[in-house]
>>> print(open('coords_11.txt').read())   # compact mmCIF, C-alpha atoms
# COMPACT_ATOMS: atom_id res chain seq x y z
CA MET X 8 0.00 0.00 0.00
CA ASN X 9 1.31 3.46 -0.90
CA GLN X 10 2.13 5.76 2.00
CA PRO X 11 -0.31 8.70 2.22
CA ALA X 12 1.09 12.08 1.21
CA PHE X 13 0.15 13.72 4.51
CA THR X 14 -1.08 13.13 8.03
CA GLN X 15 -3.77 15.00 9.94
CA ARG X 16 -3.93 15.33 13.73
CA PRO X 17 -5.68 17.44 16.38
CA ILE X 18 -3.73 19.79 18.65
CA GLU X 19 -4.36 21.70 21.86
CA VAL X 20 -2.38 24.84 22.72
CA ASP X 21 -2.48 26.70 26.04
CA GLN X 22 -3.41 30.38 25.79
CA ARG X 23 -3.87 32.55 28.88
CA GLY X 24 -4.87 29.54 30.96
CA MET X 25 -7.43 28.42 28.35
CA THR X 26 -7.14 26.05 25.38
CA LEU X 27 -6.96 26.73 21.67
CA ARG X 28 -7.90 23.67 19.61
CA GLY X 29 -6.70 23.09 16.08
CA THR X 30 -5.55 20.70 13.38
CA VAL X 31 -2.14 20.05 11.82
CA TYR X 32 -1.90 18.90 8.21
CA GLN X 33 1.66 17.63 7.76
CA PRO X 34 3.44 16.17 4.72
CA THR X 35 4.53 12.59 5.31
CA LYS X 36 7.98 13.23 3.86
CA PRO X 37 10.52 13.63 6.70
CA GLY X 38 12.20 16.94 7.41
CA ARG X 39 11.16 20.56 7.79
CA HIS X 40 8.51 21.97 5.48
CA PRO X 41 7.22 25.35 4.37
CA THR X 42 4.19 26.01 6.55
CA LEU X 43 1.03 28.10 6.44
CA LEU X 44 -1.02 29.17 9.48
CA LEU X 45 -4.71 29.72 8.61
CA LEU X 46 -6.97 32.22 10.42
CA HIS X 47 -10.74 31.75 10.09
CA ARG X 48 -13.47 34.36 9.60
CA PHE X 49 -15.84 36.21 11.94
CA THR X 50 -18.31 33.66 13.42
CA GLY X 51 -16.38 30.89 11.60
CA ASN X 52 -14.17 28.04 12.75
CA ARG X 53 -11.13 26.05 11.67
CA MET X 54 -13.13 23.96 9.18
CA GLU X 55 -14.86 26.94 7.55
CA ALA X 56 -17.96 26.95 5.35
CA GLY X 57 -18.11 23.97 3.02
CA PHE X 58 -15.01 22.57 4.80
CA MET X 59 -12.91 25.12 2.92
CA PHE X 60 -10.05 25.06 5.44
CA VAL X 61 -10.06 21.25 5.59
CA ARG X 62 -9.67 21.07 1.83
CA LEU X 63 -7.02 23.79 1.89
CA GLY X 64 -5.06 22.07 4.65
CA ARG X 65 -5.12 18.69 2.92
CA ALA X 66 -4.27 20.08 -0.51
CA LEU X 67 -1.38 22.11 0.88
CA ALA X 68 0.05 19.16 2.82
CA ALA X 69 -0.28 16.86 -0.18
CA SER X 70 1.76 19.43 -2.13
CA GLY X 71 4.52 19.57 0.49
CA VAL X 72 3.34 22.63 2.47
CA ALA X 73 2.31 21.96 6.07
CA ALA X 74 -0.81 23.75 7.28
CA VAL X 75 -2.13 24.55 10.74
CA THR X 76 -5.72 25.62 11.42
CA PHE X 77 -7.23 26.50 14.78
CA ASP X 78 -10.34 27.96 16.38
CA PHE X 79 -9.84 31.40 17.85
CA MET X 80 -10.62 31.59 21.55
CA HIS X 81 -14.40 31.86 22.06
CA SER X 82 -15.03 30.27 18.63
CA GLY X 83 -15.47 26.71 17.40
CA GLU X 84 -14.09 24.07 19.78
CA SER X 85 -11.66 26.37 21.59
CA ASP X 86 -12.50 27.40 25.13
CA GLY X 87 -14.78 30.32 25.89
CA SER X 88 -18.02 31.80 24.61
CA PHE X 89 -18.46 33.91 21.46
CA ASP X 90 -19.97 36.82 23.38
CA ARG X 91 -16.55 37.29 25.02
CA MET X 92 -14.64 37.50 21.73
CA LEU X 93 -12.67 40.66 20.96
CA PRO X 94 -10.65 41.37 17.78
CA SER X 95 -7.54 42.20 19.82
CA GLY X 96 -7.92 38.81 21.52
CA GLU X 97 -7.93 37.11 18.12
CA LEU X 98 -4.74 38.99 17.25
CA ASP X 99 -3.18 37.71 20.47
CA ASP X 100 -4.31 34.17 19.58
CA ALA X 101 -2.74 34.46 16.12
CA LEU X 102 0.58 35.56 17.63
CA ARG X 103 0.43 32.75 20.20
CA MET X 104 -0.17 30.19 17.45
CA THR X 105 2.63 31.71 15.40
CA ARG X 106 5.06 31.04 18.25
CA TRP X 107 3.69 27.52 18.71
CA VAL X 108 3.94 26.63 15.02
CA GLN X 109 7.47 27.99 14.72
CA ALA X 110 8.59 25.73 17.57
CA GLN X 111 7.41 22.54 15.83
CA PRO X 112 10.08 20.20 14.41
CA PHE X 113 8.33 19.83 11.04
CA VAL X 114 8.37 23.59 10.32
CA ASP X 115 10.93 25.45 8.21
CA ARG X 116 10.83 28.77 10.06
CA ALA X 117 12.37 30.62 7.11
CA ARG X 118 9.43 29.53 4.92
CA PHE X 119 6.47 30.35 7.13
CA GLY X 120 3.37 32.17 5.87
CA LEU X 121 0.08 33.47 7.22
CA LEU X 122 -3.36 33.17 5.59
CA GLY X 123 -6.38 35.08 6.88
CA PHE X 124 -9.98 34.93 5.70
CA SER X 125 -12.40 37.85 6.24
CA LEU X 126 -11.91 39.00 9.87
CA GLY X 127 -9.03 36.52 9.90
CA GLY X 128 -7.57 38.57 7.05
CA LEU X 129 -7.83 41.75 9.12
CA VAL X 130 -6.13 39.91 12.01
CA ALA X 131 -3.44 38.50 9.71
CA ALA X 132 -2.70 41.98 8.40
CA CYS X 133 -2.22 43.27 11.95
CA ALA X 134 -0.14 40.24 12.95
CA SER X 135 2.18 40.84 10.00
CA ALA X 136 3.26 44.11 11.63
CA GLN X 137 3.31 42.77 15.21
CA SER X 138 5.72 39.94 14.39
CA PRO X 139 7.44 41.06 11.17
CA PRO X 140 10.34 38.56 11.03
CA ALA X 141 7.99 35.60 11.41
CA TYR X 142 6.19 35.61 8.06
CA LYS X 143 7.78 35.21 4.66
CA ALA X 144 4.48 35.69 2.83
CA LEU X 145 0.91 36.81 3.47
CA LEU X 146 -2.33 35.53 1.91
CA LEU X 147 -5.55 37.49 2.42
CA VAL X 148 -8.88 35.97 1.38
CA ALA X 149 -11.66 38.61 1.21
CA PRO X 150 -10.05 40.57 4.06
CA THR X 151 -12.45 42.89 5.83
CA THR X 152 -11.70 46.34 7.24
CA VAL X 153 -12.60 48.15 10.43
CA ALA X 154 -15.05 50.38 8.54
CA ASN X 155 -16.74 47.40 6.88
CA LEU X 156 -17.29 45.65 10.20
CA CYS X 157 -18.65 48.86 11.69
CA ARG X 158 -21.71 48.38 9.45
CA HIS X 159 -22.94 45.94 12.10
CA ALA X 160 -23.05 48.72 14.69
CA GLY X 161 -26.18 50.83 14.97
CA ASP X 162 -24.20 53.97 14.09
CA SER X 163 -21.81 52.73 11.42
CA GLU X 164 -20.08 56.08 10.92
CA ALA X 165 -19.18 56.43 14.59
CA CYS X 166 -18.86 52.63 14.93
CA THR X 167 -21.00 52.79 18.05
CA PRO X 168 -23.80 50.28 18.71
CA ALA X 169 -27.24 51.81 19.23
CA GLN X 170 -27.90 49.15 21.84
CA THR X 171 -26.10 46.16 23.30
CA PRO X 172 -25.74 43.37 22.83
CA VAL X 173 -25.48 43.49 19.04
CA ILE X 174 -26.92 40.24 17.67
CA ILE X 175 -25.61 38.68 14.45
CA GLY X 176 -27.41 35.46 13.57
CA PRO X 177 -27.14 33.18 16.63
CA HIS X 178 -24.28 35.25 18.09
CA ALA X 179 -24.26 38.11 20.61
CA LEU X 180 -21.22 40.38 20.39
CA HIS X 181 -19.06 41.49 23.30
CA PRO X 182 -20.29 44.90 24.54
CA LYS X 183 -16.85 46.36 23.77
CA PHE X 184 -16.42 44.63 20.39
CA PHE X 185 -16.58 47.80 18.27
CA GLU X 186 -14.54 49.87 20.72
CA ASP X 187 -11.84 47.19 20.66
CA LEU X 188 -12.01 46.82 16.87
CA GLN X 189 -11.07 50.47 16.36
CA LYS X 190 -7.71 49.91 18.08
CA LEU X 191 -6.57 47.90 15.04
CA ASP X 192 -5.10 49.28 11.82
CA PRO X 193 -4.93 46.43 9.29
CA ILE X 194 -4.31 48.51 6.16
CA GLY X 195 -1.57 50.51 7.82
CA SER X 196 -0.08 47.25 9.10
CA VAL X 197 0.30 45.51 5.72
CA VAL X 198 2.52 48.26 4.34
CA ARG X 199 4.76 48.53 7.40
CA HIS X 200 6.82 45.42 6.67
CA PRO X 201 6.67 44.55 2.93
CA ARG X 202 6.42 40.88 2.00
CA PRO X 203 4.94 39.01 -0.99
CA THR X 204 1.16 39.10 -0.63
CA LEU X 205 -1.66 37.33 -2.46
CA LEU X 206 -5.21 38.64 -2.14
CA ILE X 207 -8.11 36.45 -3.32
CA GLN X 208 -11.57 37.97 -3.71
CA GLY X 209 -14.89 36.78 -5.07
CA THR X 210 -16.51 39.32 -7.36
CA GLY X 211 -19.98 38.39 -6.05
CA ASP X 212 -19.07 38.89 -2.39
CA THR X 213 -21.57 41.12 -0.56
CA ALA X 214 -20.17 40.64 2.99
CA VAL X 215 -16.77 41.99 1.97
CA ALA X 216 -17.32 43.68 -1.37
CA PRO X 217 -14.41 43.75 -3.83
CA ALA X 218 -14.08 47.51 -3.28
CA VAL X 219 -13.45 46.85 0.43
CA SER X 220 -10.66 44.33 -0.01
CA LYS X 221 -9.10 46.36 -2.81
CA GLN X 222 -8.26 49.01 -0.22
CA TYR X 223 -5.50 46.64 0.90
CA VAL X 224 -4.24 46.23 -2.66
CA GLU X 225 -4.23 49.96 -3.33
CA ALA X 226 -2.33 50.69 -0.11
CA MET X 227 0.25 48.02 -0.87
CA GLU X 228 0.71 49.11 -4.48
CA LYS X 229 1.21 52.69 -3.32
CA ALA X 230 3.87 51.50 -0.86
CA ASN X 231 5.54 49.26 -3.49
CA VAL X 232 4.66 46.08 -1.60
CA PRO X 233 4.68 43.04 -3.93
CA VAL X 234 1.00 42.14 -4.16
CA GLU X 235 -1.10 40.01 -6.51
CA LEU X 236 -4.91 40.26 -6.70
CA HIS X 237 -6.74 37.13 -7.86
CA LEU X 238 -10.46 37.56 -8.57
CA VAL X 239 -12.81 34.56 -8.62
CA PRO X 240 -15.72 35.49 -10.94
CA ASP X 241 -19.16 35.53 -9.26
CA ALA X 242 -17.89 33.86 -6.05
CA ASP X 243 -19.63 34.84 -2.83
CA HIS X 244 -17.97 35.46 0.53
CA ASN X 245 -17.77 31.80 1.55
CA PHE X 246 -16.95 30.36 -1.90
CA VAL X 247 -19.89 28.00 -1.43
CA LYS X 248 -20.02 26.54 -4.96
CA ALA X 249 -17.60 23.77 -5.84
CA PRO X 250 -15.91 25.57 -8.79
CA TRP X 251 -15.30 28.67 -6.64
CA GLN X 252 -13.77 26.69 -3.81
CA GLN X 253 -11.70 24.61 -6.20
CA GLU X 254 -10.31 27.79 -7.75
CA LEU X 255 -9.49 29.17 -4.32
CA VAL X 256 -7.68 25.98 -3.25
CA ARG X 257 -5.81 25.74 -6.54
CA LYS X 258 -4.56 29.31 -6.34
CA VAL X 259 -3.54 29.15 -2.67
CA VAL X 260 -1.61 25.91 -3.19
CA GLU X 261 0.05 27.08 -6.40
CA TRP X 262 1.11 30.41 -4.89
CA SER X 263 2.27 28.87 -1.59
CA VAL X 264 4.45 26.26 -3.28
CA LYS X 265 6.02 28.97 -5.44
CA THR X 266 6.40 31.66 -2.77
CA LEU X 267 7.18 29.91 0.54
>>> encode(input="coords_11.txt", output="C-alpha cells")
Amino acid sequence: MNQPAFTQRPIEVDQRGMTLRGTVYQPTKPGRHPTLLLLHRFTGNRMEAGFMFVRLGRALAASGVAAVTFDFMHSGESDGSFDRMLPSGELDDALRMTRWVQAQPFVDRARFGLLGFSLGGLVAACASAQSPPAYKALLLVAPTTVANLCRHAGDSEACTPAQTPVIIGPHALHPKFFEDLQKLDPIGSVVRHPRPTLLIQGTGDTAVAPAVSKQYVEAMEKANVPVELHLVPDADHNFVKAPWQQELVRKVVEWSVKTL
C-alpha cells in the first residue's frame, strides 16, 4: 500500500490559561517543510464553510506545504463563549499560534506564511506588523476592514452600537467589540513590513465587497509592496459553490508552493 502524502492530527495549545484547539496537516515526507497558518473568519471556525479550510489544509500538505488551522478563543471548539470575543484577543491568539507553530520540528521557520480569511484577514494583516520577522508571505482571502465591520453597529459612521448586545445570527457580540475593533489598523499594518502578498476575492461577495478588499491592494501598491490580486468570478464570501472553492484551493496551493 502506498504511503499517504500527509497526516492530519488534532492539537491543543495553552493560551492565557485556556485552550486553543486546532488541526495540523503535515506532509509525510521527513524533514522541515514550508508552513502556512490559517486564520478563520468572523463567526467561523477552523473547518470553515463547506469545509474550505479542511480542503485547503489537505491540498497544501499533499503538495509539500504543512498547514495549521485553529479555532480562535471563544469560537469553534476552543474554550470560551463567542460573546466574550474581541478582535484584539484574536490577534493575540494568532501571535500565540505563530510562536507555537514555529517551535514545531516539522516547520521550516524561514518559509512560514500566514493566511487570513475575512476578519481573519484583518487579524493577519495586523499580525504581520506585530511579528514582522515571522512571516515570509501573506495571503488574504476577502479581508475585511474596520469600517466594513462597523456596518454591524447601529451607528456605522461612529462605529457605536445603538444598543447592546449586538446580535448577528445566533451570536451576541461582546459589549466592547466595536470599541476594541477600532484599536486595530490592518491597512496601515500591511505596508509597514513589505512581504509578498496574495489577495483572493470573489466578485460576487456582498459581505466583503471587492471595493473593500481592494483598499489593501491599493495601499500596498502605493507603498511598493509586492501584491497580486486574484479575482474569482461571481464567487460569494464563503466560496460555497464547488468551482469557486476549487479555484481558491488551486490558487492558494500554487502560490504557496512557489512563494514559501
>>> residues_around(input="coords_11.txt", residues="X:Thr152", least_positions_apart="6", cutoff="12 Å", atoms="only C-alpha atoms", output="PDB file with C-alpha atoms, in the coordinates of the input")
ATOM      1  CA  PHE X  49     -15.840  36.210  11.940  1.00  0.00           C
ATOM      2  CA  PRO X  94     -10.650  41.370  17.780  1.00  0.00           C
ATOM      3  CA  PHE X 124      -9.980  34.930   5.700  1.00  0.00           C
ATOM      4  CA  SER X 125     -12.400  37.850   6.240  1.00  0.00           C
ATOM      5  CA  LEU X 126     -11.910  39.000   9.870  1.00  0.00           C
ATOM      6  CA  GLY X 127      -9.030  36.520   9.900  1.00  0.00           C
ATOM      7  CA  GLY X 128      -7.570  38.570   7.050  1.00  0.00           C
ATOM      8  CA  LEU X 129      -7.830  41.750   9.120  1.00  0.00           C
ATOM      9  CA  VAL X 130      -6.130  39.910  12.010  1.00  0.00           C
ATOM     10  CA  ALA X 131      -3.440  38.500   9.710  1.00  0.00           C
ATOM     11  CA  ALA X 132      -2.700  41.980   8.400  1.00  0.00           C
ATOM     12  CA  CYS X 133      -2.220  43.270  11.950  1.00  0.00           C
ATOM     13  CA  ARG X 158     -21.710  48.380   9.450  1.00  0.00           C
ATOM     14  CA  LEU X 188     -12.010  46.820  16.870  1.00  0.00           C
ATOM     15  CA  GLN X 189     -11.070  50.470  16.360  1.00  0.00           C
ATOM     16  CA  LEU X 191      -6.570  47.900  15.040  1.00  0.00           C
ATOM     17  CA  ASP X 192      -5.100  49.280  11.820  1.00  0.00           C
ATOM     18  CA  PRO X 193      -4.930  46.430   9.290  1.00  0.00           C
ATOM     19  CA  ILE X 194      -4.310  48.510   6.160  1.00  0.00           C
ATOM     20  CA  GLY X 195      -1.570  50.510   7.820  1.00  0.00           C
ATOM     21  CA  SER X 196      -0.080  47.250   9.100  1.00  0.00           C
ATOM     22  CA  ALA X 214     -20.170  40.640   2.990  1.00  0.00           C
ATOM     23  CA  VAL X 215     -16.770  41.990   1.970  1.00  0.00           C
ATOM     24  CA  ALA X 216     -17.320  43.680  -1.370  1.00  0.00           C
ATOM     25  CA  PRO X 217     -14.410  43.750  -3.830  1.00  0.00           C
ATOM     26  CA  ALA X 218     -14.080  47.510  -3.280  1.00  0.00           C
ATOM     27  CA  VAL X 219     -13.450  46.850   0.430  1.00  0.00           C
ATOM     28  CA  SER X 220     -10.660  44.330  -0.010  1.00  0.00           C
ATOM     29  CA  LYS X 221      -9.100  46.360  -2.810  1.00  0.00           C
ATOM     30  CA  GLN X 222      -8.260  49.010  -0.220  1.00  0.00           C
ATOM     31  CA  TYR X 223      -5.500  46.640   0.900  1.00  0.00           C
TER      32      TYR X 223
END
>>> atom_distance(input="coords_11.txt", atom1="atom CA of X:His178", atom2="atom CA of X:Phe89")
6.9 Å
>>> closest_residue(input="coords_11.txt", among="X:Gly211, X:Leu63, X:Val234, X:Asp241", to="X:Leu255", atoms="all atoms listed in the file")
X:Leu63
>>> closest_residue(input="coords_11.txt", among="X:Leu267, X:Val198, X:Ala66, X:Leu98", to="X:Phe79", atoms="all atoms listed in the file")
X:Leu98
>>> residues_near_point(input="coords_11.txt", point="(-6.1, 30.3, 30.3)", cutoff="12 Å", atoms="all atoms listed in the file", output="PyMOL selection string")
chain X and resi 20-27+80-81+85-87+100
>>> residues_near_point(input="coords_11.txt", point="(6.8, 31.4, 2.2)", cutoff="10 Å", atoms="only C-alpha atoms", output="list in words")
Pro41, Thr42, Leu43, Val72, Asp115, Arg116, Ala117, Arg118, Phe119, Gly120, Leu121, Tyr142, Lys143, Ala144, Leu145, Arg202, Pro203, Thr204, Trp262, Ser263, Val264, Lys265, Thr266 and Leu267 of chain X
>>> atom_distance(input="coords_11.txt", atom1="atom CA of X:Leu93", atom2="atom CA of X:Phe184")
5.5 Å
>>> residues_around(input="coords_11.txt", residues="X:Asp212", least_positions_apart="4", cutoff="9 Å", atoms="only C-alpha atoms", output="JSON, numbers by chain")
{"X": [149, 208, 216, 217, 241, 242, 243, 244, 245, 246]}
>>> atom_distance(input="coords_11.txt", atom1="atom CA of X:Phe113", atom2="atom CA of X:Pro34")
8.8 Å
>>> closest_residue(input="coords_11.txt", among="X:Tyr32, X:Phe77, X:Phe185, X:Trp251", to="X:Gly209", atoms="all atoms listed in the file")
X:Trp251
>>> closest_residue(input="coords_11.txt", among="X:Val61, X:Ala226, X:Pro11, X:Asn52", to="X:Val31", atoms="only C-alpha atoms")
X:Val61
>>> closest_residue(input="coords_11.txt", among="X:Glu261, X:Asp162, X:Asp187, X:Glu19", to="X:Met104", atoms="only C-alpha atoms")
X:Glu19
>>> closest_residue(input="coords_11.txt", among="X:Gln33, X:Thr151, X:Ser95, X:Asn231", to="X:Lys183", atoms="only C-alpha atoms")
X:Ser95
>>> axis_aligned_box(input="coords_11.txt", around="stretch 121-129 of chain X", padding_each_side="4 Å", output="lines of an AutoDock Vina configuration file")
center_x = -6.2
center_y = 37.5
center_z = 7.7
size_x = 20.5
size_y = 16.6
size_z = 12.3
>>> decode(input="coords_11.txt", residues="stretch 50-123 of chain X", atoms="C-alpha atoms", output="short mmCIF file (atom, residue, chain, number, x, y, z; two decimals), in the first residue's frame")
data_model
loop_
_atom_site.label_atom_id
_atom_site.label_comp_id
_atom_site.auth_asym_id
_atom_site.auth_seq_id
_atom_site.Cartn_x
_atom_site.Cartn_y
_atom_site.Cartn_z
CA THR X 50 -18.31 33.66 13.42
CA GLY X 51 -16.38 30.89 11.60
CA ASN X 52 -14.17 28.04 12.75
CA ARG X 53 -11.13 26.05 11.67
CA MET X 54 -13.13 23.96 9.18
CA GLU X 55 -14.86 26.94 7.55
CA ALA X 56 -17.96 26.95 5.35
CA GLY X 57 -18.11 23.97 3.02
CA PHE X 58 -15.01 22.57 4.80
CA MET X 59 -12.91 25.12 2.92
CA PHE X 60 -10.05 25.06 5.44
CA VAL X 61 -10.06 21.25 5.59
CA ARG X 62 -9.67 21.07 1.83
CA LEU X 63 -7.02 23.79 1.89
CA GLY X 64 -5.06 22.07 4.65
CA ARG X 65 -5.12 18.69 2.92
CA ALA X 66 -4.27 20.08 -0.51
CA LEU X 67 -1.38 22.11 0.88
CA ALA X 68 0.05 19.16 2.82
CA ALA X 69 -0.28 16.86 -0.18
CA SER X 70 1.76 19.43 -2.13
CA GLY X 71 4.52 19.57 0.49
CA VAL X 72 3.34 22.63 2.47
CA ALA X 73 2.31 21.96 6.07
CA ALA X 74 -0.81 23.75 7.28
CA VAL X 75 -2.13 24.55 10.74
CA THR X 76 -5.72 25.62 11.42
CA PHE X 77 -7.23 26.50 14.78
CA ASP X 78 -10.34 27.96 16.38
CA PHE X 79 -9.84 31.40 17.85
CA MET X 80 -10.62 31.59 21.55
CA HIS X 81 -14.40 31.86 22.06
CA SER X 82 -15.03 30.27 18.63
CA GLY X 83 -15.47 26.71 17.40
CA GLU X 84 -14.09 24.07 19.78
CA SER X 85 -11.66 26.37 21.59
CA ASP X 86 -12.50 27.40 25.13
CA GLY X 87 -14.78 30.32 25.89
CA SER X 88 -18.02 31.80 24.61
CA PHE X 89 -18.46 33.91 21.46
CA ASP X 90 -19.97 36.82 23.38
CA ARG X 91 -16.55 37.29 25.02
CA MET X 92 -14.64 37.50 21.73
CA LEU X 93 -12.67 40.66 20.96
CA PRO X 94 -10.65 41.37 17.78
CA SER X 95 -7.54 42.20 19.82
CA GLY X 96 -7.92 38.81 21.52
CA GLU X 97 -7.93 37.11 18.12
CA LEU X 98 -4.74 38.99 17.25
CA ASP X 99 -3.18 37.71 20.47
CA ASP X 100 -4.31 34.17 19.58
CA ALA X 101 -2.74 34.46 16.12
CA LEU X 102 0.58 35.56 17.63
CA ARG X 103 0.43 32.75 20.20
CA MET X 104 -0.17 30.19 17.45
CA THR X 105 2.63 31.71 15.40
CA ARG X 106 5.06 31.04 18.25
CA TRP X 107 3.69 27.52 18.71
CA VAL X 108 3.94 26.63 15.02
CA GLN X 109 7.47 27.99 14.72
CA ALA X 110 8.59 25.73 17.57
CA GLN X 111 7.41 22.54 15.83
CA PRO X 112 10.08 20.20 14.41
CA PHE X 113 8.33 19.83 11.04
CA VAL X 114 8.37 23.59 10.32
CA ASP X 115 10.93 25.45 8.21
CA ARG X 116 10.83 28.77 10.06
CA ALA X 117 12.37 30.62 7.11
CA ARG X 118 9.43 29.53 4.92
CA PHE X 119 6.47 30.35 7.13
CA GLY X 120 3.37 32.17 5.87
CA LEU X 121 0.08 33.47 7.22
CA LEU X 122 -3.36 33.17 5.59
CA GLY X 123 -6.38 35.08 6.88
#
